[in-house]
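Shown next, in structure tokens, is the structure this report addresses.
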Amino acid sequence: MEEEKLSEEERLKDVARRFVKTLGLLHYCLAKEVVDTFGKEGEEAVKRALRKYGTARGEAIRKAVESKGEELSIENLGKNYDIPLGLIHERKVVKVSEKNKLWREVYGCPLAKVVSELGGEKIGLLYCEQDEALVKGYNPAMRFDRKRNVLEGHECCETIWELV
């Protein structure tokens, strides 16, 4: 009996999800060690590092968009994003999608699953520090608002990105 072959999209989703799980484990191990060793000062250091990481990611995406002569829009942030979010999450519900606003719910974050399985929701939340920094690094005129986060016990992560 032959094994059923995965479609190319299913294969890419599997690879992307496994990679993000590995990133989640790396984040958990590093951040937990720093926090366990240095307490509140360590936690603040991890937050600062993740904000720098987010800013650097956002700036790199901005450079990619600008090199194409395109505007720093929400749509172009999505088109040039450096992690294949459409592949890693189980599903996404878009509540508002307009030129200057994206409001969505995201379900099934592999990174959140890894840290939750380790009982590290608080450590996982430190990773989320990079989200707003990424948006600001991409375009300082954008606003990022997180309404809900699975690592705080919600069923999904709900975010609003708005060009103001």
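Each chain in the structure tokens gets a letter, A, B, ..., in the order shown, and its residues are numbered from 1; ligands are numbered from 1 in order too.
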With only C-alpha atoms counted and 12 Å as the cut-off, give the residues of segment 10-115 of chain A in contact with segment 140-152 of chain A, each with its shortest interatomic distance in Å and the pair that gives it, as CSV.
residue,atom,partner,partner_atom,distance
A:Thr55,CA,A:Pro140,CA,10.4
A:Gly58,CA,A:Pro140,CA,9.9
A:Glu59,CA,A:Pro140,CA,10.2
A:Arg62,CA,A:Pro140,CA,10.5
A:Leu72,CA,A:Ala141,CA,9.2
A:Ser73,CA,A:Met142,CA,8.8
A:Ile74,CA,A:Met142,CA,8.4
A:Leu77,CA,A:Met142,CA,10.7
A:Asn100,CA,A:Met142,CA,8.9
A:Lys101,CA,A:Met142,CA,9.4
A:Leu102,CA,A:Phe144,CA,9.8
A:Trp103,CA,A:Asp145,CA,9.3
A:Arg104,CA,A:Lys147,CA,9.9
A:Glu105,CA,A:Arg148,CA,8.7
A:Val106,CA,A:Val150,CA,9.3
A:Tyr107,CA,A:Val150,CA,8.3
A:Gly108,CA,A:Val150,CA,8.8
A:Cys109,CA,A:Val150,CA,8.4
A:Pro110,CA,A:Val150,CA,11.0
A:Leu111,CA,A:Leu151,CA,10.0
A:Ala112,CA,A:Leu151,CA,6.4
A:Lys113,CA,A:Leu151,CA,8.8
A:Val114,CA,A:Leu151,CA,10.8
A:Val115,CA,A:Leu151,CA,8.7
Keeping N, CA and C atoms, export the residues of the selection given above as a PDB file, in the first residue's frame.
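After the write, part_32.pdb holds the following:
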ATOM      1  N   THR A  55      12.057  45.391  15.809  1.00  0.00           N
ATOM      2  CA  THR A  55      12.406  46.592  15.055  1.00  0.00           C
ATOM      3  C   THR A  55      13.276  46.242  13.855  1.00  0.00           C
ATOM      4  N   GLY A  58      11.149  44.643  11.202  1.00  0.00           N
ATOM      5  CA  GLY A  58      10.312  45.645  10.543  1.00  0.00           C
ATOM      6  C   GLY A  58      11.109  46.514   9.589  1.00  0.00           C
ATOM      7  N   GLU A  59      12.303  46.923  10.012  1.00  0.00           N
ATOM      8  CA  GLU A  59      13.153  47.745   9.151  1.00  0.00           C
ATOM      9  C   GLU A  59      13.576  46.990   7.893  1.00  0.00           C
ATOM     10  N   ARG A  62      10.623  46.973   5.631  1.00  0.00           N
ATOM     11  CA  ARG A  62      10.479  48.313   5.053  1.00  0.00           C
ATOM     12  C   ARG A  62      11.450  48.497   3.890  1.00  0.00           C
ATOM     13  N   LEU A  72       4.520  52.184   2.084  1.00  0.00           N
ATOM     14  CA  LEU A  72       4.585  51.427   3.333  1.00  0.00           C
ATOM     15  C   LEU A  72       3.174  51.189   3.871  1.00  0.00           C
ATOM     16  N   SER A  73       2.411  50.416   3.143  1.00  0.00           N
ATOM     17  CA  SER A  73       1.021  50.128   3.480  1.00  0.00           C
ATOM     18  C   SER A  73       0.908  48.826   4.268  1.00  0.00           C
ATOM     19  N   ILE A  74      -0.253  48.625   4.830  1.00  0.00           N
ATOM     20  CA  ILE A  74      -0.527  47.363   5.528  1.00  0.00           C
ATOM     21  C   ILE A  74      -0.457  46.199   4.543  1.00  0.00           C
ATOM     22  N   LEU A  77       3.109  45.352   3.811  1.00  0.00           N
ATOM     23  CA  LEU A  77       3.713  44.664   4.950  1.00  0.00           C
ATOM     24  C   LEU A  77       3.375  43.178   4.869  1.00  0.00           C
ATOM     25  N   ASN A 100      -6.364  51.129   5.126  1.00  0.00           N
ATOM     26  CA  ASN A 100      -5.582  51.592   6.270  1.00  0.00           C
ATOM     27  C   ASN A 100      -5.821  50.805   7.547  1.00  0.00           C
ATOM     28  N   LYS A 101      -6.518  49.670   7.456  1.00  0.00           N
ATOM     29  CA  LYS A 101      -6.801  48.919   8.683  1.00  0.00           C
ATOM     30  C   LYS A 101      -6.948  47.428   8.387  1.00  0.00           C
ATOM     31  N   LEU A 102      -6.306  46.633   9.238  1.00  0.00           N
ATOM     32  CA  LEU A 102      -6.470  45.185   9.197  1.00  0.00           C
ATOM     33  C   LEU A 102      -6.765  44.727  10.618  1.00  0.00           C
ATOM     34  N   TRP A 103      -7.901  44.104  10.797  1.00  0.00           N
ATOM     35  CA  TRP A 103      -8.319  43.596  12.106  1.00  0.00           C
ATOM     36  C   TRP A 103      -8.579  42.118  11.908  1.00  0.00           C
ATOM     37  N   ARG A 104      -7.827  41.289  12.625  1.00  0.00           N
ATOM     38  CA  ARG A 104      -7.948  39.852  12.375  1.00  0.00           C
ATOM     39  C   ARG A 104      -7.795  39.043  13.645  1.00  0.00           C
ATOM     40  N   GLU A 105      -8.267  37.819  13.540  1.00  0.00           N
ATOM     41  CA  GLU A 105      -8.090  36.808  14.582  1.00  0.00           C
ATOM     42  C   GLU A 105      -7.264  35.689  13.968  1.00  0.00           C
ATOM     43  N   VAL A 106      -6.287  35.200  14.725  1.00  0.00           N
ATOM     44  CA  VAL A 106      -5.421  34.127  14.245  1.00  0.00           C
ATOM     45  C   VAL A 106      -5.503  32.969  15.234  1.00  0.00           C
ATOM     46  N   TYR A 107      -5.689  31.781  14.701  1.00  0.00           N
ATOM     47  CA  TYR A 107      -5.839  30.571  15.508  1.00  0.00           C
ATOM     48  C   TYR A 107      -4.720  29.592  15.193  1.00  0.00           C
ATOM     49  N   GLY A 108      -4.250  28.886  16.227  1.00  0.00           N
ATOM     50  CA  GLY A 108      -3.304  27.791  16.026  1.00  0.00           C
ATOM     51  C   GLY A 108      -1.870  28.218  15.823  1.00  0.00           C
ATOM     52  N   CYS A 109      -1.333  29.056  16.702  1.00  0.00           N
ATOM     53  CA  CYS A 109       0.070  29.472  16.609  1.00  0.00           C
ATOM     54  C   CYS A 109       0.977  28.353  17.129  1.00  0.00           C
ATOM     55  N   PRO A 110       1.842  27.809  16.285  1.00  0.00           N
ATOM     56  CA  PRO A 110       2.729  26.731  16.730  1.00  0.00           C
ATOM     57  C   PRO A 110       3.686  27.162  17.846  1.00  0.00           C
ATOM     58  N   LEU A 111       4.165  28.401  17.819  1.00  0.00           N
ATOM     59  CA  LEU A 111       5.055  28.878  18.866  1.00  0.00           C
ATOM     60  C   LEU A 111       4.327  28.871  20.208  1.00  0.00           C
ATOM     61  N   ALA A 112       3.105  29.363  20.220  1.00  0.00           N
ATOM     62  CA  ALA A 112       2.316  29.382  21.459  1.00  0.00           C
ATOM     63  C   ALA A 112       2.063  27.965  21.960  1.00  0.00           C
ATOM     64  N   LYS A 113       1.828  27.052  21.048  1.00  0.00           N
ATOM     65  CA  LYS A 113       1.594  25.659  21.454  1.00  0.00           C
ATOM     66  C   LYS A 113       2.817  25.069  22.151  1.00  0.00           C
ATOM     67  N   VAL A 114       3.998  25.328  21.603  1.00  0.00           N
ATOM     68  CA  VAL A 114       5.223  24.779  22.186  1.00  0.00           C
ATOM     69  C   VAL A 114       5.432  25.314  23.593  1.00  0.00           C
ATOM     70  N   VAL A 115       5.360  26.629  23.763  1.00  0.00           N
ATOM     71  CA  VAL A 115       5.629  27.178  25.096  1.00  0.00           C
ATOM     72  C   VAL A 115       4.534  26.797  26.083  1.00  0.00           C
TER      73      VAL A 115
END
ask   = Between A:Tyr138, A:Ala49, A:Leu12, A:Glu158, which has the minimum distance to Gly78 of chain A (counting only C-alpha atoms)?
value = A:Tyr138
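Closest to Gly24 of chain A among A:Cys128, A:Leu134, A:Ala60, A:Leu163 is A:Cys128, based on only C-alpha atoms.
Ranking A:Arg91, A:Lys79, A:Asp131, A:Arg48 by their shortest atom-to-atom distance to Cys156 of chain A, with only C-alpha atoms included, puts A:Arg91 first.
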Mind the document's chain letters and residue numbers, and return as a PDB file with C-alpha atoms, in the first residue's frame the residues of segment 43-100 of chain A that DSSP labels helix (DSSP H, G or I).
ATOM      1  CA  GLU A  43      12.762  39.625  32.032  1.00  0.00           C
ATOM      2  CA  GLU A  44      13.269  43.294  31.137  1.00  0.00           C
ATOM      3  CA  ALA A  45      16.427  42.397  29.195  1.00  0.00           C
ATOM      4  CA  VAL A  46      14.513  39.763  27.195  1.00  0.00           C
ATOM      5  CA  LYS A  47      11.771  42.309  26.440  1.00  0.00           C
ATOM      6  CA  ARG A  48      14.348  44.849  25.231  1.00  0.00           C
ATOM      7  CA  ALA A  49      16.065  42.224  23.071  1.00  0.00           C
ATOM      8  CA  LEU A  50      12.787  41.143  21.513  1.00  0.00           C
ATOM      9  CA  ARG A  51      11.801  44.744  20.793  1.00  0.00           C
ATOM     10  CA  LYS A  52      15.168  45.193  19.042  1.00  0.00           C
ATOM     11  CA  TYR A  53      14.536  41.973  17.128  1.00  0.00           C
ATOM     12  CA  GLY A  54      11.073  43.196  16.083  1.00  0.00           C
ATOM     13  CA  THR A  55      12.406  46.592  15.055  1.00  0.00           C
ATOM     14  CA  ALA A  56      15.159  44.976  12.965  1.00  0.00           C
ATOM     15  CA  ARG A  57      12.623  42.707  11.264  1.00  0.00           C
ATOM     16  CA  GLY A  58      10.312  45.645  10.543  1.00  0.00           C
ATOM     17  CA  GLU A  59      13.153  47.745   9.151  1.00  0.00           C
ATOM     18  CA  ALA A  60      14.233  44.892   6.863  1.00  0.00           C
ATOM     19  CA  ILE A  61      10.683  44.523   5.554  1.00  0.00           C
ATOM     20  CA  ARG A  62      10.479  48.313   5.053  1.00  0.00           C
ATOM     21  CA  LYS A  63      13.708  48.240   3.012  1.00  0.00           C
ATOM     22  CA  ALA A  64      12.321  45.430   0.848  1.00  0.00           C
ATOM     23  CA  VAL A  65       9.122  47.391   0.183  1.00  0.00           C
ATOM     24  CA  GLU A  66      10.971  50.651  -0.502  1.00  0.00           C
ATOM     25  CA  SER A  67      13.407  48.899  -2.865  1.00  0.00           C
ATOM     26  CA  ILE A  74      -0.527  47.363   5.528  1.00  0.00           C
ATOM     27  CA  GLU A  75      -1.014  45.357   2.352  1.00  0.00           C
ATOM     28  CA  ASN A  76       2.669  45.643   1.421  1.00  0.00           C
ATOM     29  CA  LEU A  77       3.713  44.664   4.950  1.00  0.00           C
ATOM     30  CA  GLY A  78       1.686  41.481   4.506  1.00  0.00           C
ATOM     31  CA  LYS A  79       3.048  40.797   1.022  1.00  0.00           C
ATOM     32  CA  LEU A  85       2.004  33.399   8.545  1.00  0.00           C
ATOM     33  CA  GLY A  86      -0.505  31.951   6.111  1.00  0.00           C
ATOM     34  CA  LEU A  87       1.303  28.635   6.334  1.00  0.00           C
ATOM     35  CA  ILE A  88       1.923  28.404  10.064  1.00  0.00           C
TER      36      ILE A  88
END
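Between atom CA of Asn139 of chain A and atom CA of Glu71 of chain A the separation is 9.9 Å.
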task = Mind listing the strand (DSSP E) residues of segment 46-133 of chain A, per DSSP on the backbone, as a count of residues only?
result = 15
